[in-house]
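Source file: run24.csv; contents: CSV, C-alpha atoms and all ligand atoms.
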```csv
chain,number,residue,atom,x,y,z
A,1,MET,CA,0.9,9.6,29.5
A,2,ARG,CA,3.8,11.9,30.4
A,3,VAL,CA,4.9,14.6,28.0
A,4,ILE,CA,8.5,15.8,28.3
A,5,LEU,CA,8.8,19.3,27.0
A,6,VAL,CA,12.4,20.0,26.0
A,7,ASN,CA,14.5,23.1,26.7
A,8,PRO,CA,16.0,24.4,24.6
A,9,ARG,CA,13.5,24.2,21.7
A,10,GLY,CA,12.2,26.5,19.0
A,11,PHE,CA,13.5,29.9,18.0
A,12,CYS,CA,17.3,30.5,17.9
A,13,ALA,CA,18.9,33.9,18.0
A,14,GLY,CA,19.3,34.0,14.2
A,15,VAL,CA,15.6,33.3,13.6
A,16,HIS,CA,14.6,35.8,16.3
A,17,MET,CA,16.7,38.5,14.6
A,18,ALA,CA,15.4,37.7,11.0
A,19,ILE,CA,11.8,37.8,12.1
A,20,ASP,CA,12.4,41.0,14.1
A,21,VAL,CA,13.8,42.6,10.9
A,22,VAL,CA,10.6,42.0,8.9
A,23,ASP,CA,8.5,43.0,11.9
A,24,GLN,CA,10.4,46.3,12.3
A,25,LEU,CA,10.2,47.0,8.6
A,26,LEU,CA,6.4,46.5,8.5
A,27,ASP,CA,6.1,49.0,11.4
A,28,LEU,CA,8.5,51.4,9.8
A,29,CYS,CA,7.0,51.4,6.2
A,30,PRO,CA,3.3,50.6,6.6
A,31,ASN,CA,2.6,52.1,3.1
A,32,ASP,CA,5.5,50.5,1.2
A,33,GLU,CA,5.7,47.0,-0.2
A,34,VAL,CA,8.2,44.8,1.7
A,35,TYR,CA,9.9,42.1,-0.2
A,36,VAL,CA,11.7,39.1,1.2
A,37,TYR,CA,14.1,37.0,-0.9
A,38,HIS,CA,13.3,33.4,-0.1
A,39,GLU,CA,11.4,32.3,3.0
A,40,ILE,CA,12.7,34.5,5.8
A,41,VAL,CA,13.0,31.3,7.9
A,42,HIS,CA,11.9,27.8,7.0
A,43,ASN,CA,8.6,27.7,8.7
A,44,ARG,CA,5.3,27.7,6.8
A,45,HIS,CA,3.3,29.5,9.6
A,46,ILE,CA,5.9,32.3,9.9
A,47,VAL,CA,5.8,32.9,6.2
A,48,ASP,CA,2.0,32.7,6.0
A,49,ARG,CA,1.6,35.2,8.8
A,50,PHE,CA,3.9,37.7,7.1
A,51,VAL,CA,2.1,37.2,3.8
A,52,ASN,CA,-1.2,38.0,5.6
A,53,ARG,CA,0.5,41.2,6.7
A,54,GLY,CA,1.3,42.2,3.2
A,55,VAL,CA,4.9,40.9,2.7
A,56,THR,CA,5.8,39.5,-0.7
A,57,PHE,CA,8.2,36.6,-0.8
A,58,VAL,CA,10.2,36.2,-4.1
A,59,GLU,CA,12.5,33.5,-5.4
A,60,ALA,CA,14.2,35.9,-7.8
A,61,LEU,CA,15.2,39.5,-7.4
A,62,ASP,CA,13.8,40.2,-10.9
A,63,ASP,CA,10.4,40.0,-9.2
A,64,VAL,CA,11.3,42.9,-7.0
A,65,PRO,CA,10.5,46.4,-8.5
A,66,GLU,CA,13.5,48.6,-8.8
A,67,ASN,CA,14.1,51.0,-5.8
A,68,SER,CA,12.2,48.7,-3.4
A,69,VAL,CA,13.2,47.4,0.0
A,70,VAL,CA,14.2,43.7,0.1
A,71,VAL,CA,15.2,41.5,3.0
A,72,PHE,CA,17.7,38.7,2.5
A,73,SER,CA,16.6,35.6,4.5
A,74,ALA,CA,18.4,34.1,7.6
A,75,HIS,CA,20.1,31.5,5.3
A,76,GLY,CA,22.4,34.0,3.5
A,77,VAL,CA,22.9,34.9,-0.1
A,78,SER,CA,25.8,34.7,-2.6
A,79,PRO,CA,27.7,37.8,-3.7
A,80,ARG,CA,25.9,37.6,-7.1
A,81,VAL,CA,22.6,38.2,-5.3
A,82,ARG,CA,24.0,41.3,-3.6
A,83,GLU,CA,25.3,42.5,-6.9
A,84,ILE,CA,21.9,42.1,-8.6
A,85,ALA,CA,20.2,44.0,-5.7
A,86,SER,CA,22.7,46.8,-6.2
A,87,GLU,CA,22.1,46.8,-10.0
A,88,ARG,CA,18.4,47.1,-9.4
A,89,ASN,CA,18.9,49.9,-6.9
A,90,LEU,CA,17.2,47.9,-4.2
A,91,THR,CA,17.7,48.7,-0.5
A,92,ALA,CA,18.8,45.4,0.8
A,93,ILE,CA,18.5,44.5,4.4
A,94,ASP,CA,20.6,41.5,5.1
A,95,ALA,CA,19.0,39.3,7.8
A,96,THR,CA,21.6,36.5,7.3
A,97,CYS,CA,22.3,34.9,10.7
A,98,PRO,CA,25.8,36.0,11.8
A,99,LEU,CA,26.8,32.4,12.3
A,100,VAL,CA,26.1,31.7,8.6
A,101,THR,CA,28.1,34.9,7.7
A,102,LYS,CA,31.0,33.4,9.8
A,103,VAL,CA,31.1,30.4,7.5
A,104,HIS,CA,31.0,32.7,4.4
A,105,MET,CA,34.0,34.6,5.8
A,106,GLU,CA,35.9,31.3,6.4
A,107,ALA,CA,35.1,30.3,2.8
A,108,ILE,CA,36.4,33.7,1.4
A,109,ARG,CA,39.6,33.4,3.5
A,110,TYR,CA,40.4,29.8,2.5
A,111,ALA,CA,39.7,30.6,-1.1
A,112,TYR,CA,42.0,33.7,-1.0
A,113,GLN,CA,44.7,31.5,0.6
A,114,GLY,CA,44.5,29.0,-2.3
A,115,TYR,CA,42.6,26.2,-0.6
A,116,ARG,CA,40.2,23.8,-2.2
A,117,ILE,CA,37.2,23.8,0.1
A,118,LEU,CA,35.0,20.8,0.8
A,119,LEU,CA,31.7,22.2,1.9
A,120,ILE,CA,29.7,19.6,3.9
A,121,GLY,CA,26.0,20.1,3.6
A,122,HIS,CA,22.9,19.7,1.4
A,123,ALA,CA,23.6,21.0,-2.1
A,124,SER,CA,20.2,22.5,-2.7
A,125,HIS,CA,19.8,24.2,0.7
A,126,GLN,CA,19.8,28.0,0.5
A,127,GLU,CA,22.6,28.2,3.0
A,128,ILE,CA,24.9,26.0,0.9
A,129,VAL,CA,23.9,27.8,-2.3
A,130,GLY,CA,24.8,31.1,-0.7
A,131,THR,CA,28.1,29.9,0.9
A,132,ARG,CA,29.2,28.2,-2.3
A,133,GLY,CA,28.6,31.4,-4.2
A,134,GLU,CA,31.4,33.1,-2.3
A,135,ALA,CA,34.0,31.0,-4.0
A,136,PRO,CA,32.4,28.7,-6.6
A,137,ASP,CA,35.6,27.7,-8.3
A,138,ALA,CA,37.2,26.6,-5.0
A,139,MET,CA,34.3,24.8,-3.6
A,140,THR,CA,33.1,21.1,-3.8
A,141,VAL,CA,29.9,20.2,-1.9
A,142,VAL,CA,30.0,17.0,0.0
A,143,GLU,CA,26.7,15.5,1.1
A,144,SER,CA,27.8,12.0,2.2
A,145,PRO,CA,30.8,9.8,3.0
A,146,GLU,CA,30.2,8.2,-0.5
A,147,ASP,CA,30.8,11.6,-2.1
A,148,VAL,CA,34.2,11.6,-0.3
A,149,ALA,CA,35.2,8.4,-2.0
A,150,ASP,CA,34.7,10.0,-5.4
A,151,LEU,CA,37.1,12.9,-4.7
A,152,ASP,CA,40.6,12.8,-5.9
A,153,PHE,CA,43.0,15.4,-4.5
A,154,THR,CA,46.8,14.9,-4.4
A,155,LYS,CA,48.8,15.7,-1.3
A,156,ASP,CA,50.1,19.0,-2.8
A,157,THR,CA,46.5,20.3,-2.9
A,158,LYS,CA,45.7,22.7,0.0
A,159,LEU,CA,42.4,21.3,1.3
A,160,ALA,CA,40.0,22.6,4.0
A,161,TYR,CA,36.5,21.7,5.0
A,162,LEU,CA,33.5,23.8,6.2
A,163,THR,CA,30.0,22.7,7.2
A,164,GLN,CA,26.4,23.9,6.9
A,165,THR,CA,25.3,25.3,10.3
A,166,THR,CA,22.2,23.0,10.7
A,167,LEU,CA,23.6,19.6,10.0
A,168,SER,CA,23.2,16.6,12.3
A,169,THR,CA,26.3,16.6,14.4
A,170,ASP,CA,26.3,12.8,14.1
A,171,ASP,CA,26.1,12.8,10.3
A,172,ALA,CA,28.7,15.6,10.0
A,173,ALA,CA,31.1,13.6,12.2
A,174,VAL,CA,30.8,10.6,9.9
A,175,ILE,CA,31.6,12.7,6.8
A,176,ILE,CA,34.4,14.6,8.5
A,177,LYS,CA,35.9,11.3,9.5
A,178,ALA,CA,35.7,10.1,5.9
A,179,ILE,CA,37.4,13.3,4.7
A,180,LYS,CA,40.2,13.0,7.3
A,181,ASP,CA,40.8,9.3,6.6
A,182,ARG,CA,41.1,10.0,2.8
A,183,PHE,CA,42.9,13.4,3.1
A,184,PRO,CA,44.7,13.5,6.5
A,185,TRP,CA,46.3,16.8,5.7
A,186,VAL,CA,42.9,18.6,5.4
A,187,LYS,CA,42.6,21.8,7.4
A,188,GLU,CA,39.8,22.0,10.0
A,189,PRO,CA,37.7,25.2,10.5
A,190,PRO,CA,39.0,27.3,13.5
A,191,HIS,CA,35.6,26.7,15.2
A,192,ASP,CA,32.9,24.2,14.7
A,193,ASP,CA,30.5,25.5,12.0
A,194,ILE,CA,27.5,23.7,13.3
A,195,CYS,CA,25.8,26.4,15.3
A,196,TYR,CA,25.1,26.5,19.0
A,197,ALA,CA,21.3,26.2,18.5
A,198,THR,CA,21.5,23.1,16.3
A,199,THR,CA,24.0,21.5,18.7
A,200,ASN,CA,21.9,22.3,21.8
A,201,ARG,CA,18.6,21.2,20.3
A,202,GLN,CA,20.1,18.0,19.0
A,203,GLY,CA,22.0,17.3,22.2
A,204,ALA,CA,18.8,17.6,24.3
A,205,VAL,CA,16.9,15.2,22.0
A,206,ARG,CA,19.8,12.8,22.1
A,207,ILE,CA,19.8,12.7,25.9
A,208,LEU,CA,16.0,12.4,26.3
A,209,ALA,CA,14.7,10.4,23.3
A,210,LYS,CA,16.3,7.2,24.4
A,211,ASP,CA,13.8,7.1,27.4
A,212,CYS,CA,10.8,8.0,25.3
A,213,ASP,CA,8.6,6.1,22.9
A,214,LEU,CA,7.5,8.9,20.7
A,215,CYS,CA,9.1,12.3,19.7
A,216,LEU,CA,7.0,15.0,18.3
A,217,VAL,CA,9.0,17.7,16.5
A,218,VAL,CA,7.2,20.9,15.6
A,219,GLY,CA,8.6,22.3,12.4
A,220,SER,CA,8.2,22.5,8.7
A,221,ARG,CA,9.4,19.9,6.2
A,222,ASN,CA,11.9,22.2,4.5
A,223,SER,CA,13.5,23.1,7.9
A,224,SER,CA,16.8,21.3,7.9
A,225,ASN,CA,17.3,21.5,11.7
A,226,SER,CA,13.8,20.2,12.4
A,227,LEU,CA,14.3,17.2,10.1
A,228,ARG,CA,17.6,16.5,11.9
A,229,LEU,CA,15.8,16.5,15.2
A,230,THR,CA,13.6,13.7,14.0
A,231,GLU,CA,16.6,11.7,12.8
A,232,ILE,CA,18.4,12.1,16.1
A,233,ALA,CA,15.4,10.8,17.9
A,234,GLU,CA,15.1,7.9,15.5
A,235,TYR,CA,18.8,7.1,16.0
A,236,ALA,CA,18.1,6.9,19.7
A,237,GLY,CA,15.4,4.3,19.1
A,238,CYS,CA,12.4,6.6,19.5
A,239,THR,CA,9.7,6.9,16.8
A,240,ALA,CA,9.7,10.5,15.6
A,241,LYS,CA,7.1,12.6,13.8
A,242,LEU,CA,7.6,16.1,12.2
A,243,ILE,CA,4.5,18.2,12.3
A,244,ASP,CA,3.8,21.7,11.2
A,245,ASP,CA,1.2,22.2,13.8
A,246,VAL,CA,-1.3,20.3,16.0
A,247,SER,CA,-3.7,19.7,13.1
A,248,GLU,CA,-1.2,17.1,11.8
A,249,LEU,CA,-1.2,15.1,15.1
A,250,ASP,CA,-2.6,11.6,14.5
A,251,PRO,CA,-4.1,10.3,17.7
A,252,ALA,CA,-3.1,6.8,16.6
A,253,TRP,CA,0.5,7.7,17.2
A,254,LEU,CA,-0.2,8.1,20.9
A,255,GLU,CA,-1.8,4.7,21.5
A,256,GLY,CA,0.0,2.8,24.2
A,257,LYS,CA,2.7,5.5,24.5
A,258,GLN,CA,3.9,6.3,28.1
A,259,ARG,CA,6.5,9.0,27.5
A,260,VAL,CA,6.3,11.5,24.6
A,261,LEU,CA,9.0,14.0,23.9
A,262,VAL,CA,8.0,17.4,22.5
A,263,THR,CA,10.5,19.7,20.9
A,264,ALA,CA,10.6,22.3,18.1
A,265,GLY,CA,13.0,23.2,15.3
A,266,ALA,CA,14.8,26.6,15.5
A,267,SER,CA,12.3,28.2,13.1
A,268,ALA,CA,9.1,27.0,14.8
A,269,PRO,CA,7.2,29.5,16.9
A,270,GLU,CA,6.3,28.6,20.5
A,271,ASP,CA,2.5,29.2,20.1
A,272,LEU,CA,2.4,26.1,17.8
A,273,VAL,CA,4.1,24.1,20.6
A,274,ALA,CA,1.6,25.4,23.1
A,275,GLU,CA,-1.3,24.4,20.9
A,276,LEU,CA,0.1,20.9,20.7
A,277,VAL,CA,0.7,20.7,24.4
A,278,LYS,CA,-2.8,21.9,25.2
A,279,ARG,CA,-4.3,19.2,22.9
A,280,LEU,CA,-2.2,16.5,24.6
A,281,VAL,CA,-3.4,17.7,28.0
A,282,THR,CA,-7.1,18.2,27.2
A,283,GLN,CA,-7.7,15.2,24.9
A,284,HIS,CA,-5.0,12.7,25.9
A,285,ASN,CA,-4.8,13.3,29.6
A,286,ALA,CA,-1.1,14.2,29.4
A,287,GLN,CA,1.0,15.3,32.3
A,288,ILE,CA,3.6,17.8,31.3
A,289,GLU,CA,7.2,17.7,32.5
A,290,VAL,CA,9.7,20.4,31.5
A,291,SER,CA,13.2,19.1,31.0
A,292,ASP,CA,16.0,21.8,31.0
A,293,ILE,CA,19.1,20.5,29.3
A,294,THR,CA,21.0,23.6,28.2
A,295,ASP,CA,20.6,27.3,28.9
A,296,GLU,CA,20.9,29.7,26.0
A,297,ASP,CA,21.5,33.5,26.3
A,298,ILE,CA,22.6,34.4,22.8
A,299,GLU,CA,21.1,37.4,21.0
A,300,PHE,CA,21.9,39.0,17.6
A,301,ASP,CA,21.5,42.6,16.8
A,302,ILE,CA,19.5,43.8,13.8
A,303,PRO,CA,21.5,44.8,10.6
A,304,ALA,CA,23.1,48.2,10.4
A,305,THR,CA,21.0,49.1,7.2
A,306,LEU,CA,17.8,48.7,9.1
A,307,LYS,CA,19.1,50.7,12.1
A,308,ARG,CA,19.9,53.5,9.7
A,309,MET,CA,16.4,53.4,8.2
A,310,MET,CA,14.9,53.4,11.7
A,311,ARG,CA,16.9,56.5,12.6
A,312,THR,CA,15.9,58.2,9.4
A,313,HIS,CA,12.3,57.6,10.4
A,314,GLY,CA,12.9,59.0,13.9
A,315,VAL,CA,12.9,55.6,15.6
A,316,ASP,CA,15.6,54.7,18.1
A,317,PRO,CA,16.7,51.1,17.4
A,318,THR,CA,18.0,50.6,20.9
A,319,GLU,CA,14.5,51.2,22.3
A,320,ARG,CA,12.9,48.7,19.9
A,321,ARG,CA,15.4,46.0,20.8
A,322,ILE,CA,13.8,42.6,21.6
A,323,HIS,CA,15.3,40.6,24.3
A,324,ILE,CA,15.0,36.9,23.9
A,325,THR,CA,13.5,34.9,26.6
A,326,ARG,CA,13.4,31.1,26.9
A,327,PRO,CA,10.1,29.5,25.7
A,328,ASP,CA,8.5,29.4,29.1
A,329,ILE,CA,5.0,28.1,29.7
A,330,THR,CA,3.3,31.4,29.9
A,331,GLU,CA,-0.4,32.2,30.5
A,332,GLU,CA,-0.4,34.1,27.2
A,333,LEU,CA,0.4,31.0,25.2
A,334,TYR,CA,-0.8,28.2,27.3
A,335,GLY,CA,-3.9,29.9,28.7
A,336,SER,CA,-5.7,28.4,31.7
A,337,VAL,CA,-5.3,24.7,30.7
A,338,PRO,CA,-4.4,22.8,33.8
A,339,LEU,CA,-0.8,21.7,33.4
A,340,THR,CA,0.9,19.5,35.9
A,341,ILE,CA,4.5,20.6,35.5
A,342,SER,CA,7.6,19.2,37.0
A,343,VAL,CA,11.1,20.4,36.1
A,344,GLY,CA,13.9,17.9,35.7
A,345,ALA,CA,17.1,17.4,33.7
A,401,LIG,S1,19.9,27.6,13.3
A,401,LIG,FE1,21.9,28.4,13.9
A,401,LIG,S2,22.8,29.2,12.0
A,401,LIG,FE2,20.6,28.9,11.6
A,401,LIG,S3,19.6,30.9,12.1
A,401,LIG,FE3,19.6,29.7,14.0
A,401,LIG,S4,21.5,30.3,15.1
A,401,LIG,FE4,21.7,30.9,13.0
```
Can you present the structure in this file as structure tokens?
Ligand code: SF4
Amino acid sequence: MRVILVNPRGFCAGVHMAIDVVDQLLDLCPNDEVYVYHEIVHNRHIVDRFVNRGVTFVEALDDVPENSVVVFSAHGVSPRVREIASERNLTAIDATCPLVTKVHMEAIRYAYQGYRILLIGHASHQEIVGTRGEAPDAMTVVESPEDVADLDFTKDTKLAYLTQTTLSTDDAAVIIKAIKDRFPWVKEPPHDDICYATTNRQGAVRILAKDCDLCLVVGSRNSSNSLRLTEIAEYAGCTAKLIDDVSELDPAWLEGKQRVLVTAGASAPEDLVAELVKRLVTQHNAQIEVSDITDEDIEFDIPATLKRMMRTHGVDPTERRIHITRPDITEELYGSVPLTISVGA
């Protein structure tokens, strides 16, 4: 059995930054409670590891004692959440991914200019809840082409659309087409809102899955971009399974399979991919082939509030800066398991 290990996979720049924020805070304030509003990123293992280090995750700011430190997750929050944090005198460290913030800014600008905004995405996803909160009266969430059919705007309505950053590029294209067909005067966002990491991970699976007979995606079920990777593989005719970690691998899935694609959602840590790959090698006689589709070199800086806190504690933020490396097969993660690796596109 050949296993194709996809690059890029796993952590994106936004997830790296958000996790780094909580890491740095734990180092900085070892005796203080650290609170995080919502899951810092949508991955069960990441959240559990932080819980084990003493972090408290909350779904409401009322659960954070006044004057505490709270981190906003990578998915972003609405202005009302920021107001509540201020009312409760919380020190808020905003780990929102800058690419989500960009969509917030577009929403604010369109609303200010008098546009009705069609926000394409999943209504209950935290990113959409946060973006919608920037201009709730101007915003209509659109989840499917069917939703577009229910809309009724006249030609004198200034109309624009925005999208969630982690949608399937294929699904978004279908909805955008439905919007443009029905409202040809709709204004497009200046730049594609679906982020580089989502686009690259999906693009790699789209290219490779058509030649594979199973795709294993490491990621949690509430991770939008991980779910989308399984859908892209399925669209390409490849059976896909989303697993949180190797314990969920069912050996029956591998029976008769010749080529297995392995990838990971943007919030899934590489050590979980390594555990899966090691199991495939040691128990299923897999030969590993690394397939590089797209290079990534994007990094995001930590928030200014955290930098100020670091300086107050005598820590130079520039010295603690983490540089992102691609998820290479390192000795540290993959150990001494004999891997037969060939690199191909
Ligand atoms: S998936 Fe994209 S938008 Fe979401 S955190 Fe990563 S880079 Fe940012």
Report as a Markdown table: every residue of chain A with an atom at most 7 Å from ligand LIG 401 (chain A), its closest pair of atoms, and their distance in Å to one decimal, counting all atoms listed in the file, with rows sorted by chain and ascending residue number.
```
| residue | atom | partner | partner_atom | distance |
| --- | --- | --- | --- | --- |
| A:Cys12 | CA | A:LIG401 | FE3 | 4.6 |
| A:Ala13 | CA | A:LIG401 | S4 | 5.3 |
| A:Gly14 | CA | A:LIG401 | S3 | 3.8 |
| A:Val15 | CA | A:LIG401 | S3 | 4.9 |
| A:Ala74 | CA | A:LIG401 | S3 | 5.7 |
| A:His75 | CA | A:LIG401 | FE2 | 6.8 |
| A:Cys97 | CA | A:LIG401 | FE4 | 4.7 |
| A:Pro98 | CA | A:LIG401 | FE4 | 6.7 |
| A:Leu99 | CA | A:LIG401 | S2 | 5.1 |
| A:Val100 | CA | A:LIG401 | S2 | 5.4 |
| A:Thr165 | CA | A:LIG401 | S2 | 4.9 |
| A:Thr166 | CA | A:LIG401 | S1 | 5.8 |
| A:Cys195 | CA | A:LIG401 | FE1 | 4.6 |
| A:Tyr196 | CA | A:LIG401 | FE1 | 6.3 |
| A:Ala197 | CA | A:LIG401 | FE1 | 5.1 |
| A:Thr198 | CA | A:LIG401 | S1 | 5.6 |
| A:Asn225 | CA | A:LIG401 | S1 | 6.8 |
| A:Ala266 | CA | A:LIG401 | S1 | 5.6 |
```
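Taking CA of Glu270 (chain A) and CA of Val41 (chain A) as endpoints, the distance between them is 14.5 Å.
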### Task
Can you pull out every residue within 10 Å of region 319-321 of chain A, counting all atoms listed in the file, but drop anything in the same chain fewer than 5 positions away, and send it as a ChimeraX atom specification?
/A:17,20,24,301-302,310
### Task
Can you work out the spacing between CA of Asp181 (chain A) and CA of Gly133 (chain A) in Å, to one decimal?
27.5 Å
### Query
A:Val51, A:Leu249, A:Val58, A:Ile293: which is nearest Gly203 (chain A), counting all atoms listed in the file?
A:Ile293
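Between CA of Cys215 (chain A) and CA of Ile40 (chain A) lies a distance of 26.4 Å.
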#### Entry: Within 10 Å of Asn285 (chain A) using all atoms listed in the file, minus same-chain residues under 4 positions, as an MDAnalysis selection string
chainID A and resid 1:3 278:281
### Message
Report as a ChimeraX atom specification all protein, DNA and RNA residues lying within 7 Å of region 235-239 of chain A, evaluated on only C-alpha atoms, omitting residues in the same chain fewer than 3 positions from it.
### Response
/A:206,209-210,212-215,231-232
Could I see region 220-237 of chain A restored to N, CA and C atoms, set down as a JSON list (two decimals), in the frame of the given file?
```json
[["chain", "number", "residue", "atom", "x", "y", "z"],
["A", 220, "SER", "N", 8.65, 22.76, 10.05],
["A", 220, "SER", "CA", 8.20, 22.50, 8.70],
["A", 220, "SER", "C", 9.17, 21.54, 7.97],
["A", 221, "ARG", "N", 8.65, 20.94, 6.90],
["A", 221, "ARG", "CA", 9.40, 19.90, 6.20],
["A", 221, "ARG", "C", 10.66, 20.40, 5.53],
["A", 222, "ASN", "N", 10.66, 21.66, 5.20],
["A", 222, "ASN", "CA", 11.90, 22.20, 4.50],
["A", 222, "ASN", "C", 12.83, 22.82, 5.56],
["A", 223, "SER", "N", 12.57, 22.58, 6.85],
["A", 223, "SER", "CA", 13.50, 23.10, 7.90],
["A", 223, "SER", "C", 14.53, 22.01, 8.17],
["A", 224, "SER", "N", 15.76, 22.30, 7.76],
["A", 224, "SER", "CA", 16.80, 21.30, 7.90],
["A", 224, "SER", "C", 17.00, 20.89, 9.36],
["A", 225, "ASN", "N", 17.05, 21.89, 10.25],
["A", 225, "ASN", "CA", 17.30, 21.50, 11.70],
["A", 225, "ASN", "C", 16.18, 20.76, 12.29],
["A", 226, "SER", "N", 14.94, 20.99, 11.83],
["A", 226, "SER", "CA", 13.80, 20.20, 12.40],
["A", 226, "SER", "C", 13.88, 18.77, 11.91],
["A", 227, "LEU", "N", 14.19, 18.59, 10.63],
["A", 227, "LEU", "CA", 14.30, 17.20, 10.10],
["A", 227, "LEU", "C", 15.43, 16.46, 10.87],
["A", 228, "ARG", "N", 16.53, 17.20, 11.15],
["A", 228, "ARG", "CA", 17.60, 16.50, 11.90],
["A", 228, "ARG", "C", 17.20, 16.09, 13.26],
["A", 229, "LEU", "N", 16.31, 16.85, 13.90],
["A", 229, "LEU", "CA", 15.80, 16.50, 15.20],
["A", 229, "LEU", "C", 15.08, 15.13, 15.17],
["A", 230, "THR", "N", 14.28, 14.94, 14.11],
["A", 230, "THR", "CA", 13.60, 13.70, 14.00],
["A", 230, "THR", "C", 14.58, 12.52, 13.79],
["A", 231, "GLU", "N", 15.61, 12.79, 13.01],
["A", 231, "GLU", "CA", 16.60, 11.70, 12.80],
["A", 231, "GLU", "C", 17.36, 11.38, 14.04],
["A", 232, "ILE", "N", 17.70, 12.39, 14.84],
["A", 232, "ILE", "CA", 18.40, 12.10, 16.10],
["A", 232, "ILE", "C", 17.56, 11.25, 17.02],
["A", 233, "ALA", "N", 16.25, 11.58, 17.09],
["A", 233, "ALA", "CA", 15.40, 10.80, 17.90],
["A", 233, "ALA", "C", 15.28, 9.35, 17.42],
["A", 234, "GLU", "N", 15.18, 9.21, 16.10],
["A", 234, "GLU", "CA", 15.10, 7.90, 15.50],
["A", 234, "GLU", "C", 16.39, 7.07, 15.80],
["A", 235, "TYR", "N", 17.54, 7.74, 15.69],
["A", 235, "TYR", "CA", 18.80, 7.10, 16.00],
["A", 235, "TYR", "C", 18.81, 6.55, 17.43],
["A", 236, "ALA", "N", 18.10, 7.30, 18.31],
["A", 236, "ALA", "CA", 18.10, 6.90, 19.70],
["A", 236, "ALA", "C", 17.01, 5.83, 19.99],
["A", 237, "GLY", "N", 16.36, 5.37, 18.92],
["A", 237, "GLY", "CA", 15.40, 4.30, 19.10],
["A", 237, "GLY", "C", 13.99, 4.75, 19.36]]
```
